[in-house]
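Source file: input08.cif (mmCIF, N, CA and C atoms and all ligand atoms)
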data_target
#
loop_
_atom_site.group_PDB
_atom_site.id
_atom_site.type_symbol
_atom_site.label_atom_id
_atom_site.label_comp_id
_atom_site.auth_asym_id
_atom_site.auth_seq_id
_atom_site.Cartn_x
_atom_site.Cartn_y
_atom_site.Cartn_z
ATOM 1 N N MET A 1 7.327 -6.389 2.120
ATOM 2 C CA MET A 1 6.559 -5.203 2.473
ATOM 3 C C MET A 1 5.331 -5.127 1.579
ATOM 4 N N LEU A 2 4.295 -4.545 2.157
ATOM 5 C CA LEU A 2 3.074 -4.323 1.392
ATOM 6 C C LEU A 2 2.698 -2.860 1.519
ATOM 7 N N ILE A 3 2.125 -2.315 0.476
ATOM 8 C CA ILE A 3 1.579 -0.965 0.600
ATOM 9 C C ILE A 3 0.117 -0.982 0.185
ATOM 10 N N ASN A 4 -0.682 -0.372 1.020
ATOM 11 C CA ASN A 4 -2.117 -0.256 0.780
ATOM 12 C C ASN A 4 -2.366 1.146 0.229
ATOM 13 N N VAL A 5 -2.599 1.214 -1.065
ATOM 14 C CA VAL A 5 -2.831 2.516 -1.705
ATOM 15 C C VAL A 5 -4.324 2.812 -1.673
ATOM 16 N N ASP A 6 -4.663 3.930 -1.093
ATOM 17 C CA ASP A 6 -6.065 4.307 -0.957
ATOM 18 C C ASP A 6 -6.328 5.602 -1.718
ATOM 19 N N ARG A 7 -7.055 5.485 -2.811
ATOM 20 C CA ARG A 7 -7.325 6.677 -3.627
ATOM 21 C C ARG A 7 -8.262 7.644 -2.909
ATOM 22 N N GLN A 8 -9.184 7.099 -2.086
ATOM 23 C CA GLN A 8 -10.137 7.968 -1.390
ATOM 24 C C GLN A 8 -9.410 8.872 -0.399
ATOM 25 N N ARG A 9 -8.477 8.280 0.341
ATOM 26 C CA ARG A 9 -7.737 9.043 1.343
ATOM 27 C C ARG A 9 -6.495 9.694 0.741
ATOM 28 N N GLY A 10 -6.134 9.286 -0.463
ATOM 29 C CA GLY A 10 -5.019 9.908 -1.152
ATOM 30 C C GLY A 10 -3.669 9.627 -0.527
ATOM 31 N N GLY A 11 -3.449 8.387 -0.173
ATOM 32 C CA GLY A 11 -2.162 8.051 0.416
ATOM 33 C C GLY A 11 -1.896 6.572 0.395
ATOM 34 N N GLY A 12 -0.747 6.212 0.957
ATOM 35 C CA GLY A 12 -0.378 4.808 1.024
ATOM 36 C C GLY A 12 0.079 4.448 2.416
ATOM 37 N N ALA A 13 -0.304 3.263 2.872
ATOM 38 C CA ALA A 13 0.106 2.771 4.186
ATOM 39 C C ALA A 13 0.988 1.547 3.999
ATOM 40 N N VAL A 14 2.178 1.608 4.583
ATOM 41 C CA VAL A 14 3.136 0.523 4.444
ATOM 42 C C VAL A 14 2.982 -0.466 5.586
ATOM 43 N N HIS A 15 2.950 -1.751 5.237
ATOM 44 C CA HIS A 15 2.803 -2.821 6.228
ATOM 45 C C HIS A 15 3.909 -3.854 6.074
ATOM 46 N N GLU A 16 4.236 -4.485 7.185
ATOM 47 C CA GLU A 16 5.063 -5.682 7.128
ATOM 48 C C GLU A 16 4.227 -6.799 6.511
ATOM 49 N N ASP A 17 4.924 -7.794 5.948
ATOM 50 C CA ASP A 17 4.217 -8.892 5.284
ATOM 51 C C ASP A 17 3.253 -9.623 6.208
ATOM 52 N N ASP A 18 3.615 -9.716 7.480
ATOM 53 C CA ASP A 18 2.795 -10.520 8.392
ATOM 54 C C ASP A 18 1.874 -9.664 9.268
ATOM 55 N N CYS A 19 1.688 -8.408 8.909
ATOM 56 C CA CYS A 19 0.814 -7.548 9.698
ATOM 57 C C CYS A 19 -0.619 -8.080 9.682
ATOM 58 N N ALA A 20 -1.210 -8.130 10.865
ATOM 59 C CA ALA A 20 -2.571 -8.648 10.961
ATOM 60 C C ALA A 20 -3.567 -7.714 10.278
ATOM 61 N N TYR A 21 -3.202 -6.444 10.139
ATOM 62 C CA TYR A 21 -4.105 -5.505 9.499
ATOM 63 C C TYR A 21 -4.030 -5.562 7.974
ATOM 64 N N ALA A 22 -2.904 -6.061 7.500
ATOM 65 C CA ALA A 22 -2.702 -6.076 6.055
ATOM 66 C C ALA A 22 -3.373 -7.295 5.450
ATOM 67 N N ARG A 23 -4.369 -7.078 4.658
ATOM 68 C CA ARG A 23 -5.058 -8.187 4.017
ATOM 69 C C ARG A 23 -4.459 -8.393 2.642
ATOM 70 N N ARG A 24 -3.973 -9.567 2.440
ATOM 71 C CA ARG A 24 -3.287 -9.842 1.180
ATOM 72 C C ARG A 24 -4.260 -10.149 0.058
ATOM 73 N N TYR A 25 -5.516 -10.272 0.391
ATOM 74 C CA TYR A 25 -6.453 -10.604 -0.659
ATOM 75 C C TYR A 25 -7.242 -9.378 -1.052
ATOM 76 N N GLY A 26 -7.052 -8.960 -2.259
ATOM 77 C CA GLY A 26 -7.691 -7.749 -2.724
ATOM 78 C C GLY A 26 -9.168 -7.938 -2.977
ATOM 79 N N THR A 27 -9.822 -6.837 -3.176
ATOM 80 C CA THR A 27 -11.231 -6.841 -3.533
ATOM 81 C C THR A 27 -11.359 -6.267 -4.942
ATOM 82 N N LYS A 28 -12.554 -6.236 -5.430
ATOM 83 C CA LYS A 28 -12.769 -5.710 -6.778
ATOM 84 C C LYS A 28 -12.343 -4.239 -6.857
ATOM 85 N N LEU A 29 -12.656 -3.489 -5.816
ATOM 86 C CA LEU A 29 -12.330 -2.062 -5.829
ATOM 87 C C LEU A 29 -10.893 -1.789 -5.408
ATOM 88 N N LYS A 30 -10.327 -2.703 -4.621
ATOM 89 C CA LYS A 30 -8.931 -2.577 -4.186
ATOM 90 C C LYS A 30 -8.220 -3.901 -4.409
ATOM 91 N N PRO A 31 -7.859 -4.173 -5.633
ATOM 92 C CA PRO A 31 -7.285 -5.481 -5.958
ATOM 93 C C PRO A 31 -5.848 -5.617 -5.446
ATOM 94 N N TYR A 32 -5.351 -6.833 -5.523
ATOM 95 C CA TYR A 32 -3.993 -7.135 -5.119
ATOM 96 C C TYR A 32 -3.090 -7.194 -6.352
ATOM 97 N N GLY A 33 -2.001 -6.430 -6.320
ATOM 98 C CA GLY A 33 -1.038 -6.470 -7.420
ATOM 99 C C GLY A 33 -1.139 -5.310 -8.384
ATOM 100 N N HIS A 34 -2.268 -4.638 -8.363
ATOM 101 C CA HIS A 34 -2.423 -3.444 -9.193
ATOM 102 C C HIS A 34 -3.517 -2.586 -8.571
ATOM 103 N N LEU A 35 -3.742 -1.406 -9.141
ATOM 104 C CA LEU A 35 -4.728 -0.509 -8.549
ATOM 105 C C LEU A 35 -6.065 -0.586 -9.272
ATOM 106 N N GLY A 36 -7.137 -0.594 -8.491
ATOM 107 C CA GLY A 36 -8.488 -0.531 -9.030
ATOM 108 C C GLY A 36 -9.088 0.836 -8.759
ATOM 109 N N LYS A 37 -10.390 0.889 -8.728
ATOM 110 C CA LYS A 37 -11.085 2.165 -8.581
ATOM 111 C C LYS A 37 -10.713 2.882 -7.279
ATOM 112 N N ASP A 38 -10.659 2.146 -6.191
ATOM 113 C CA ASP A 38 -10.385 2.759 -4.883
ATOM 114 C C ASP A 38 -8.939 2.634 -4.431
ATOM 115 N N GLY A 39 -8.124 1.959 -5.207
ATOM 116 C CA GLY A 39 -6.738 1.761 -4.816
ATOM 117 C C GLY A 39 -6.351 0.308 -4.976
ATOM 118 N N GLY A 40 -5.416 -0.141 -4.145
ATOM 119 C CA GLY A 40 -5.015 -1.528 -4.242
ATOM 120 C C GLY A 40 -3.832 -1.831 -3.355
ATOM 121 N N TRP A 41 -3.424 -3.091 -3.422
ATOM 122 C CA TRP A 41 -2.300 -3.581 -2.617
ATOM 123 C C TRP A 41 -1.137 -3.896 -3.537
ATOM 124 N N LEU A 42 0.043 -3.346 -3.192
ATOM 125 C CA LEU A 42 1.239 -3.612 -3.982
ATOM 126 C C LEU A 42 2.295 -4.205 -3.061
ATOM 127 N N GLU A 43 3.142 -5.039 -3.627
ATOM 128 C CA GLU A 43 4.130 -5.774 -2.854
ATOM 129 C C GLU A 43 5.531 -5.429 -3.326
ATOM 130 N N GLY A 44 6.481 -5.421 -2.413
ATOM 131 C CA GLY A 44 7.869 -5.192 -2.788
ATOM 132 C C GLY A 44 8.798 -5.705 -1.707
ATOM 133 N N LYS A 45 10.087 -5.712 -2.021
ATOM 134 C CA LYS A 45 11.072 -6.268 -1.088
ATOM 135 C C LYS A 45 11.520 -5.264 -0.036
ATOM 136 N N SER A 46 11.287 -3.986 -0.296
ATOM 137 C CA SER A 46 11.764 -2.962 0.636
ATOM 138 C C SER A 46 10.772 -1.820 0.704
ATOM 139 N N LEU A 47 10.947 -0.996 1.721
ATOM 140 C CA LEU A 47 10.110 0.203 1.852
ATOM 141 C C LEU A 47 10.233 1.076 0.607
ATOM 142 N N GLU A 48 11.476 1.279 0.165
ATOM 143 C CA GLU A 48 11.693 2.128 -1.007
ATOM 144 C C GLU A 48 10.955 1.579 -2.225
ATOM 145 N N GLU A 49 11.003 0.261 -2.375
ATOM 146 C CA GLU A 49 10.381 -0.344 -3.555
ATOM 147 C C GLU A 49 8.858 -0.170 -3.546
ATOM 148 N N VAL A 50 8.235 -0.407 -2.417
ATOM 149 C CA VAL A 50 6.772 -0.295 -2.392
ATOM 150 C C VAL A 50 6.333 1.172 -2.541
ATOM 151 N N VAL A 51 7.127 2.088 -1.973
ATOM 152 C CA VAL A 51 6.790 3.512 -2.119
ATOM 153 C C VAL A 51 6.914 3.928 -3.584
ATOM 154 N N GLN A 52 7.985 3.475 -4.231
ATOM 155 C CA GLN A 52 8.152 3.805 -5.645
ATOM 156 C C GLN A 52 7.019 3.219 -6.484
ATOM 157 N N LYS A 53 6.632 1.996 -6.173
ATOM 158 C CA LYS A 53 5.542 1.364 -6.926
ATOM 159 C C LYS A 53 4.241 2.142 -6.742
ATOM 160 N N ALA A 54 3.978 2.562 -5.501
ATOM 161 C CA ALA A 54 2.742 3.294 -5.227
ATOM 162 C C ALA A 54 2.723 4.634 -5.949
ATOM 163 N N LYS A 55 3.853 5.325 -5.943
ATOM 164 C CA LYS A 55 3.924 6.621 -6.625
ATOM 165 C C LYS A 55 3.778 6.454 -8.123
ATOM 166 N N ALA A 56 4.411 5.410 -8.656
ATOM 167 C CA ALA A 56 4.314 5.165 -10.097
ATOM 168 C C ALA A 56 2.885 4.780 -10.483
ATOM 169 N N ALA A 57 2.258 3.942 -9.660
ATOM 170 C CA ALA A 57 0.924 3.446 -9.995
ATOM 171 C C ALA A 57 -0.128 4.554 -9.921
ATOM 172 N N THR A 58 0.070 5.478 -9.004
ATOM 173 C CA THR A 58 -0.899 6.568 -8.879
ATOM 174 C C THR A 58 -0.535 7.755 -9.749
ATOM 175 N N GLY A 59 0.713 7.789 -10.228
ATOM 176 C CA GLY A 59 1.165 8.930 -11.010
ATOM 177 C C GLY A 59 1.370 10.175 -10.163
ATOM 178 N N ASN A 60 1.451 9.963 -8.847
ATOM 179 C CA ASN A 60 1.626 11.084 -7.917
ATOM 180 C C ASN A 60 2.961 10.955 -7.182
ATOM 181 N N PRO A 61 3.981 11.740 -7.607
ATOM 182 C CA PRO A 61 5.284 11.629 -6.950
ATOM 183 C C PRO A 61 5.292 12.155 -5.525
ATOM 184 N N HIS A 62 4.217 12.826 -5.128
ATOM 185 C CA HIS A 62 4.131 13.379 -3.775
ATOM 186 C C HIS A 62 3.106 12.633 -2.931
ATOM 187 N N LEU A 63 2.785 11.430 -3.336
ATOM 188 C CA LEU A 63 1.806 10.632 -2.597
ATOM 189 C C LEU A 63 2.199 10.521 -1.122
ATOM 190 N N PRO A 64 1.303 10.921 -0.214
ATOM 191 C CA PRO A 64 1.634 10.799 1.216
ATOM 192 C C PRO A 64 1.745 9.328 1.623
ATOM 193 N N ILE A 65 2.810 9.011 2.324
ATOM 194 C CA ILE A 65 3.059 7.636 2.754
ATOM 195 C C ILE A 65 3.159 7.610 4.281
ATOM 196 N N HIS A 66 2.501 6.667 4.894
ATOM 197 C CA HIS A 66 2.732 6.482 6.314
ATOM 198 C C HIS A 66 2.897 4.996 6.604
ATOM 199 N N GLU A 67 3.539 4.709 7.720
ATOM 200 C CA GLU A 67 3.750 3.324 8.095
ATOM 201 C C GLU A 67 2.660 2.911 9.067
ATOM 202 N N CYS A 68 2.185 1.714 8.876
ATOM 203 C CA CYS A 68 1.156 1.166 9.753
ATOM 204 C C CYS A 68 1.628 1.201 11.201
ATOM 205 N N SER A 69 0.855 1.761 12.084
ATOM 206 C CA SER A 69 1.278 1.846 13.474
ATOM 207 C C SER A 69 1.172 0.492 14.171
ATOM 208 N N PHE A 70 0.304 -0.358 13.666
ATOM 209 C CA PHE A 70 0.120 -1.672 14.303
ATOM 210 C C PHE A 70 1.365 -2.529 14.135
ATOM 211 N N CYS A 71 1.861 -2.705 12.916
ATOM 212 C CA CYS A 71 3.035 -3.573 12.765
ATOM 213 C C CYS A 71 4.304 -2.904 13.257
ATOM 214 N N ARG A 72 4.309 -1.594 13.399
ATOM 215 C CA ARG A 72 5.507 -0.907 13.861
ATOM 216 C C ARG A 72 5.634 -0.938 15.383
ATOM 217 N N GLN A 73 4.588 -1.367 16.076
ATOM 218 C CA GLN A 73 4.642 -1.377 17.537
ATOM 219 C C GLN A 73 5.365 -2.584 18.080
ATOM 220 N N ARG A 74 5.537 -3.607 17.253
ATOM 221 C CA ARG A 74 6.135 -4.829 17.746
ATOM 222 C C ARG A 74 7.640 -4.666 17.932
HETATM 223 ZN ZN ZN B 101 0.469 -3.067 9.386
#

If you convert what's in this file into C-alpha cells, what do you get?
Ligand SMILES: [Zn+2]
Amino acid sequence: MLINVDRQRGGGAVHEDDCAYARRYGTKLKPYGHLGKDGGWLEGKSLEEVVQKAKAATGNPHLPIHECSFCRQR
C-alpha cells in the first residue's frame, strides 16, 4: 500500500501498489519515503500501517484519509 500525504489539501490518499495514479517516484516537494514541504509518499504492508505512518509523520491523529477511487474500481 502507498499513501500520498498532501499537506496543501490536508489529507492522505491510499493507493494499491500498482495503481496507475500512484507515482512511486517522489519529487523535491513531495519525496518518497518521508515528508517534504508539500507532503510525500509513504509505503506500508497494510492500510492500517500506511494510515498510522501518515498520522505520525504529519503529527495529526485526525488526518483525513480517503482511498483512491481509481484503484478501488477494479
Ligand atoms: Zn490509486

Q | Residues matched by the PyMOL selection byres (((chain A and resi 8 and name CA) around 12) and not hetatm and name CA), written as a PyMOL selection string | A | chain A and resi 4-7+9-12+29-30+36-40+58

**Q.** ligand ZN 101 (chain B) neighbours within 6.5 Å using only N, CA and C atoms and all ligand atoms, as a ChimeraX atom specification
**A.** /A:14-16,19-22,67-72

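Atom C of Thr27 (chain A) sits 21.4 Å away from atom N of His66 (chain A).
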
Q | Residues of region 6-73 of chain A in alpha helix (DSSP H), written as a list in words | A |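 Restricting region 6-73 of chain A to alpha helix (DSSP H) produces Leu47, Glu48, Glu49, Val50, Val51, Gln52, Lys53, Ala54, Lys55, Ala56, Ala57, Thr58, Ser69, Phe70, Cys71 and Arg72 of chain A.
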
Q: May I have all residues of region 22-72 of chain A that DSSP, computed from the backbone, assigns to strand (DSSP E or B), given as a PyMOL selection string?
A: chain A and resi 32+39-43+65-67

Q.
Residues within 6.5 Å of Trp41 (chain A), please, as a list in words. Count all atoms listed in the file; anything in the same chain fewer than 6 positions from it doesn't count.
A.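 My reading of the contact set: Leu2, Ile3, Asn4, Val5, Gly26, Lys30, Pro31, Tyr32, Gly33, His34 and Leu35 of chain A.
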
Q: Grab the CA of Arg24 (chain A) to CA of Pro64 (chain A) distance for me, in Å with one decimal place.
A: 21.2 Å

Q) Between atom C of Leu63 (chain A) and CA of Asp18 (chain A), what is the spacing in Å? A)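 For CA of Asp18 (chain A) relative to atom C of Leu63 (chain A), the distance reads 23.1 Å.
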
Quick one: region 19-31 of chain A from the block, C-alpha atoms, as a PDB file, in the first residue's frame.
ATOM      1  CA  CYS A  19      -2.226   1.933  -9.057  1.00  0.00           C
ATOM      2  CA  ALA A  20      -1.587   3.857 -12.243  1.00  0.00           C
ATOM      3  CA  TYR A  21      -2.240   7.095 -10.384  1.00  0.00           C
ATOM      4  CA  ALA A  22       0.254   6.372  -7.662  1.00  0.00           C
ATOM      5  CA  ARG A  23       3.665   7.616  -8.650  1.00  0.00           C
ATOM      6  CA  ARG A  24       6.350   5.886  -6.721  1.00  0.00           C
ATOM      7  CA  TYR A  25       8.928   8.468  -7.542  1.00  0.00           C
ATOM      8  CA  GLY A  26       8.823  11.438  -5.280  1.00  0.00           C
ATOM      9  CA  THR A  27       9.657  14.997  -6.092  1.00  0.00           C
ATOM     10  CA  LYS A  28      11.599  17.548  -4.118  1.00  0.00           C
ATOM     11  CA  LEU A  29       8.416  18.924  -2.577  1.00  0.00           C
ATOM     12  CA  LYS A  30       6.763  15.514  -2.186  1.00  0.00           C
ATOM     13  CA  PRO A  31       9.540  12.997  -1.700  1.00  0.00           C
TER      14      PRO A  31
END
